[in-house]
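Novice: Have a peek at target_23.csv (CSV, C-alpha atoms).
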```csv
chain,number,residue,atom,x,y,z
A,2,MET,CA,-7.5,-53.1,11.3
A,3,VAL,CA,-11.1,-53.3,10.4
A,4,ASP,CA,-12.8,-50.1,9.3
A,5,GLY,CA,-16.6,-50.2,10.1
A,6,PHE,CA,-17.2,-46.9,8.3
A,7,GLY,CA,-16.3,-48.2,4.8
A,8,PRO,CA,-19.8,-48.9,3.6
A,9,MET,CA,-21.1,-45.7,5.1
A,10,ARG,CA,-18.4,-43.7,3.3
A,11,GLN,CA,-19.4,-45.3,0.0
A,12,GLY,CA,-23.1,-44.5,0.6
A,13,MET,CA,-22.2,-40.9,1.5
A,14,SER,CA,-20.1,-40.6,-1.6
A,15,ALA,CA,-22.9,-42.0,-3.8
A,16,LEU,CA,-25.4,-39.5,-2.3
A,17,LEU,CA,-23.0,-36.6,-2.8
A,18,THR,CA,-22.4,-37.6,-6.4
A,19,LEU,CA,-26.2,-38.0,-7.0
A,20,GLY,CA,-26.9,-34.6,-5.4
A,21,VAL,CA,-24.3,-32.9,-7.6
A,22,LEU,CA,-25.8,-34.6,-10.7
A,23,ILE,CA,-29.3,-33.6,-9.8
A,24,GLY,CA,-28.2,-30.0,-9.0
A,25,SER,CA,-26.5,-29.7,-12.3
A,26,LEU,CA,-29.5,-31.0,-14.2
A,27,VAL,CA,-31.9,-28.6,-12.3
A,28,GLY,CA,-29.5,-25.7,-12.8
A,29,CYS,CA,-29.6,-26.1,-16.6
A,30,GLY,CA,-33.3,-25.2,-16.7
A,31,TYR,CA,-33.0,-21.9,-14.9
A,32,THR,CA,-35.6,-19.3,-15.7
A,33,LEU,CA,-36.4,-16.0,-14.1
A,34,VAL,CA,-39.8,-16.1,-12.4
A,35,GLY,CA,-42.0,-13.4,-13.9
A,36,ALA,CA,-40.0,-12.9,-17.0
A,37,PRO,CA,-41.6,-13.7,-20.4
A,38,SER,CA,-41.2,-17.4,-21.2
A,39,ASP,CA,-38.8,-16.8,-24.1
A,40,ALA,CA,-36.8,-13.9,-22.6
A,41,PRO,CA,-34.9,-11.9,-23.8
A,42,GLY,CA,-36.7,-11.9,-27.1
A,43,LYS,CA,-40.0,-10.9,-25.5
A,44,ARG,CA,-38.7,-8.2,-23.2
A,45,LEU,CA,-41.2,-5.4,-22.9
A,46,PRO,CA,-40.1,-2.1,-24.4
A,47,LEU,CA,-40.3,0.9,-22.0
A,48,ASN,CA,-39.4,4.5,-22.7
A,49,ILE,CA,-38.3,6.4,-19.6
A,50,LEU,CA,-38.6,10.2,-20.0
A,51,PRO,CA,-36.2,12.4,-18.0
A,52,PHE,CA,-37.7,13.0,-14.6
A,53,THR,CA,-38.4,16.5,-13.3
A,54,ASN,CA,-37.2,17.9,-10.0
A,55,GLN,CA,-39.7,19.8,-7.9
A,56,THR,CA,-37.3,20.1,-4.9
A,57,HIS,CA,-34.4,22.3,-4.1
A,58,GLU,CA,-31.9,19.4,-4.1
A,59,PRO,CA,-29.8,19.8,-7.3
A,60,ASP,CA,-29.2,17.0,-9.7
A,61,LEU,CA,-31.7,14.6,-8.1
A,62,GLU,CA,-33.6,14.2,-11.3
A,63,ARG,CA,-30.5,13.1,-13.2
A,64,LEU,CA,-29.6,10.5,-10.5
A,65,THR,CA,-33.0,9.0,-10.3
A,66,THR,CA,-33.5,8.9,-14.1
A,67,ALA,CA,-30.1,7.3,-14.6
A,68,ALA,CA,-30.6,4.7,-11.8
A,69,LEU,CA,-34.0,3.7,-13.2
A,70,ARG,CA,-32.7,3.5,-16.8
A,71,HIS,CA,-29.7,1.4,-15.6
A,72,ALA,CA,-32.1,-1.0,-13.7
A,73,ILE,CA,-34.2,-1.3,-16.9
A,74,VAL,CA,-31.2,-2.1,-19.0
A,75,GLN,CA,-30.1,-4.8,-16.5
A,76,SER,CA,-33.6,-6.2,-16.2
A,77,GLN,CA,-34.6,-9.4,-18.0
A,78,MET,CA,-38.2,-8.2,-18.2
A,79,PHE,CA,-37.9,-4.9,-19.9
A,80,ILE,CA,-35.8,-3.2,-22.6
A,81,PHE,CA,-35.1,0.5,-22.5
A,82,THR,CA,-36.1,2.4,-25.6
A,83,ALA,CA,-35.0,6.0,-26.1
A,84,ASP,CA,-37.4,6.7,-29.0
A,85,GLU,CA,-41.1,7.6,-29.0
A,86,THR,CA,-42.1,4.3,-30.6
A,87,SER,CA,-42.4,2.4,-27.3
A,88,ALA,CA,-45.9,1.2,-26.3
A,89,THR,CA,-45.4,2.5,-22.8
A,90,ARG,CA,-43.8,5.6,-21.4
A,91,LEU,CA,-42.8,6.4,-17.9
A,92,GLN,CA,-42.8,9.9,-16.6
A,93,GLY,CA,-41.6,11.0,-13.1
A,94,ALA,CA,-41.3,13.9,-10.8
A,95,ILE,CA,-39.4,14.1,-7.6
A,96,ARG,CA,-41.9,15.8,-5.4
A,97,ARG,CA,-40.3,15.9,-2.0
A,98,PHE,CA,-36.8,15.7,-0.6
A,99,SER,CA,-35.8,16.1,3.0
A,100,SER,CA,-32.6,15.7,5.0
A,101,TYR,CA,-32.5,15.7,8.7
A,102,PRO,CA,-30.2,14.7,11.6
A,103,LEU,CA,-30.7,11.2,12.8
A,104,ALA,CA,-28.1,10.9,15.5
A,105,LEU,CA,-26.1,13.3,17.7
A,106,ASP,CA,-23.0,12.8,19.8
A,107,ALA,CA,-22.6,13.8,23.4
A,108,GLN,CA,-21.8,17.5,22.4
A,109,ASP,CA,-25.0,17.6,20.2
A,110,ASN,CA,-23.0,17.5,17.0
A,111,VAL,CA,-24.7,15.6,14.1
A,112,VAL,CA,-23.1,12.3,13.4
A,113,GLN,CA,-25.7,10.7,11.1
A,114,TYR,CA,-28.2,12.1,8.6
A,115,ARG,CA,-31.2,10.5,6.9
A,116,ILE,CA,-32.4,11.6,3.5
A,117,ASP,CA,-35.9,10.9,2.2
A,118,ALA,CA,-37.4,11.4,-1.3
A,119,ALA,CA,-40.9,10.9,-2.7
A,120,VAL,CA,-41.0,10.3,-6.5
A,121,TYR,CA,-44.3,10.4,-8.4
A,122,VAL,CA,-44.3,8.0,-11.4
A,123,ARG,CA,-46.9,7.8,-14.2
A,124,LEU,CA,-46.9,5.0,-16.7
A,125,ILE,CA,-48.7,5.9,-19.9
A,126,GLU,CA,-49.9,3.8,-22.7
A,127,ALA,CA,-48.5,5.6,-25.8
A,128,ALA,CA,-51.3,4.9,-28.2
A,129,THR,CA,-54.2,6.0,-26.1
A,130,GLN,CA,-52.4,8.3,-23.6
A,131,ARG,CA,-54.2,6.4,-20.9
A,132,PRO,CA,-52.4,6.1,-17.6
A,133,LEU,CA,-51.7,2.5,-16.6
A,134,LEU,CA,-50.1,3.4,-13.3
A,135,GLU,CA,-49.9,6.5,-11.1
A,136,GLN,CA,-47.9,6.0,-7.9
A,137,GLU,CA,-45.7,7.8,-5.4
A,138,ILE,CA,-42.7,5.8,-4.4
A,139,SER,CA,-40.7,6.7,-1.3
A,140,SER,CA,-37.1,5.9,-0.7
A,141,SER,CA,-34.5,6.8,1.9
A,142,ALA,CA,-30.9,6.5,2.8
A,143,VAL,CA,-28.7,7.2,5.8
A,144,TYR,CA,-25.1,8.5,6.0
A,145,LEU,CA,-22.5,9.2,8.6
A,146,VAL,CA,-20.8,12.6,9.0
A,147,SER,CA,-17.1,12.6,9.2
A,148,ARG,CA,-15.4,13.2,12.6
A,149,SER,CA,-12.1,14.1,10.9
A,150,THR,CA,-10.8,17.6,11.4
A,151,THR,CA,-8.5,17.7,8.3
A,152,ASP,CA,-10.8,16.8,5.4
A,153,LYS,CA,-14.2,16.9,6.9
A,154,VAL,CA,-16.0,18.9,4.2
A,155,ARG,CA,-14.8,16.7,1.4
A,156,GLU,CA,-15.7,13.5,3.3
A,157,ASP,CA,-19.1,14.8,4.2
A,158,ILE,CA,-19.9,15.7,0.6
A,159,ALA,CA,-18.7,12.2,-0.6
A,160,ALA,CA,-20.8,10.5,2.0
A,161,ARG,CA,-23.9,12.6,1.0
A,162,GLU,CA,-23.3,11.8,-2.7
A,163,ALA,CA,-23.0,8.1,-2.0
A,164,ALA,CA,-26.3,8.3,0.1
A,165,LEU,CA,-28.0,10.1,-2.8
A,166,ALA,CA,-26.9,7.3,-5.2
A,167,ARG,CA,-28.2,4.7,-2.8
A,168,LEU,CA,-31.5,6.6,-2.5
A,169,ALA,CA,-31.8,6.7,-6.3
A,170,GLN,CA,-31.0,3.0,-6.6
A,171,GLN,CA,-33.6,2.1,-3.9
A,172,PHE,CA,-36.2,4.1,-5.9
A,173,ALA,CA,-35.2,2.3,-9.1
A,174,ASP,CA,-35.5,-1.1,-7.5
A,175,LYS,CA,-39.0,-0.3,-6.1
A,176,CYS,CA,-40.1,1.2,-9.4
A,177,LEU,CA,-38.9,-1.8,-11.4
A,178,ALA,CA,-40.8,-4.2,-9.1
A,179,LEU,CA,-43.9,-2.0,-9.4
A,180,LEU,CA,-43.6,-1.9,-13.2
A,181,ALA,CA,-43.2,-5.7,-13.4
A,182,ILE,CA,-46.4,-6.2,-11.3
A,183,THR,CA,-48.3,-3.7,-13.5
A,184,LEU,CA,-47.2,-4.9,-16.9
A,185,LEU,CA,-46.7,-8.6,-16.5
```
Would you mind writing the file's structure down as structure tokens?
Specialist:
Amino acid sequence: MVDGFGPMRQGMSALLTLGVLIGSLVGCGYTLVGAPSDAPGKRLPLNILPFTNQTHEPDLERLTTAALRHAIVQSQMFIFTADETSATRLQGAIRRFSSYPLALDAQDNVVQYRIDAAVYVRLIEAATQRPLLEQEISSSAVYLVSRSTTDKVREDIAAREAALARLAQQFADKCLALLAITLL
């Protein structure tokens, strides 16, 4: 039996091997766009002061400060410094927080909430106390209300806490991007 696809299979195999080889070589030179050229040795130090909460929502300042500090630690552009020797300091205040029903069922019971927050951040050059950045960053999250009759309160609290964590993480991601644009 004569197989007319033999030369085509060899060509495909050669192309696949060549593609894998080129991909491996290109992958070895991976660098993060926007990061200093010799990262992590040249990561920019940043001191993040604890945020203040000007809302009635308890613990929001701790969640946002912790989410931002975690994002900075995970970043390849910045390094978190806890001391006052950093060249730049970031201050923040949670100015607004709102929670409101987003969806209702047929009996007008709330089934979904949306939470919104506005966080004012101020980046200060430590030596001159000159502000480098002053910006309000908005973030939001949505969560579902439990339809359970047995453990509704606990499930609703857990859903709200998870939404607050997502809200803080969204703020941290936006703030990190803004800091990168400002300082790099």
Novice: Rank nothing, just name the residue among A:Val111, A:Ile80, A:Leu45, A:Val122 nearest to Ala173 (chain A), using all atoms listed in the file.
Specialist: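 For Ala173 (chain A), the nearest of the given residues is A:Val122.
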Novice: Of the candidates A:Leu134, A:Ala169, A:Ile182, A:Leu145, which shows the shortest atom-to-atom distance to Arg70 (chain A), using only C-alpha atoms?
Specialist: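 Nearest candidate to Arg70 (chain A) out of A:Leu134, A:Ala169, A:Ile182, A:Leu145: A:Ala169.
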Novice: I'd like the contact shell of region 62-67 of chain A - 6 Å cut-off, all atoms listed in the file, skipping same-chain residues fewer than 5 positions apart - returned as a list of chain:residue names.
Specialist: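 These residues fall inside the cut-off: A:Pro51, A:Phe52, A:Thr53, A:Asn54, A:Ala169.
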Novice: Pick from A:His57, A:Arg115, A:His71, A:Arg90: nearest to Leu184 (chain A), with only C-alpha atoms counted?
Specialist: A:Arg90
Novice: Using Å and a single decimal, report how far CA of Leu165 (chain A) sits from CA of Ala142 (chain A).
Specialist: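 Computing it gives 7.3 Å between the two atoms.
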Novice: Of the candidates A:Ala83, A:Ala72, A:Ala94, A:Ala107, which one gets nearest to Arg123 (chain A) if we count all atoms listed in the file?
Specialist: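 Looking only at the distances to Arg123 (chain A), the closest residue turns out to be A:Ala94.
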Novice: Just how far from CA of Arg97 (chain A) is CA of Arg167 (chain A), in Å to one decimal?
Specialist: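 Taking CA of Arg167 (chain A) as the start and CA of Arg97 (chain A) as the end point, the length is 16.5 Å.
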Novice: One decimal, in Å: what's the spacing between CA of Gln171 (chain A) and CA of Ser140 (chain A)?
Specialist: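 Computed distance, CA of Gln171 (chain A) to CA of Ser140 (chain A), equals 6.1 Å.
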Novice: Could you pull the residues within 6 Å of Arg96 (chain A), counting only C-alpha atoms, minus those fewer than 2 positions along the same chain, as a ChimeraX atom specification?
Specialist: /A:55,94,119-120
Novice: Identify which of the residues A:Leu168, A:Val112, A:Leu105, A:Leu91 lies closest to Leu61 (chain A), counting only C-alpha atoms when measuring atom-to-atom distances.
Specialist: A:Leu168
Novice: Under the rule that all atoms listed in the file are counted, which of A:Ser139, A:Thr183, A:Asn48, A:Ser76 is the nearest residue to Ile95 (chain A)?
Specialist: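 When distances to Ile95 (chain A) are compared using all atoms listed in the file, the smallest one comes from A:Ser139.
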Novice: Show me, as a list of chain:residue names, the residues that have an atom within 10 Å of Thr86 (chain A) when counting all atoms listed in the file, minus same-chain residues fewer than 5 positions from it.
Specialist: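 Contacts, with the query itself left out: A:Pro46, A:Leu47, A:Asn48, A:Ala127, A:Ala128.
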Novice: Write a file of the just-selected residues containing C-alpha atoms, as an mmCIF file, in the frame of the given file.
Specialist:
```cif
data_model
loop_
_atom_site.group_PDB
_atom_site.id
_atom_site.type_symbol
_atom_site.label_atom_id
_atom_site.label_comp_id
_atom_site.auth_asym_id
_atom_site.auth_seq_id
_atom_site.Cartn_x
_atom_site.Cartn_y
_atom_site.Cartn_z
ATOM 1 C CA PRO A 46 -40.100 -2.100 -24.400
ATOM 2 C CA LEU A 47 -40.300 0.900 -22.000
ATOM 3 C CA ASN A 48 -39.400 4.500 -22.700
ATOM 4 C CA ALA A 127 -48.500 5.600 -25.800
ATOM 5 C CA ALA A 128 -51.300 4.900 -28.200
#
```
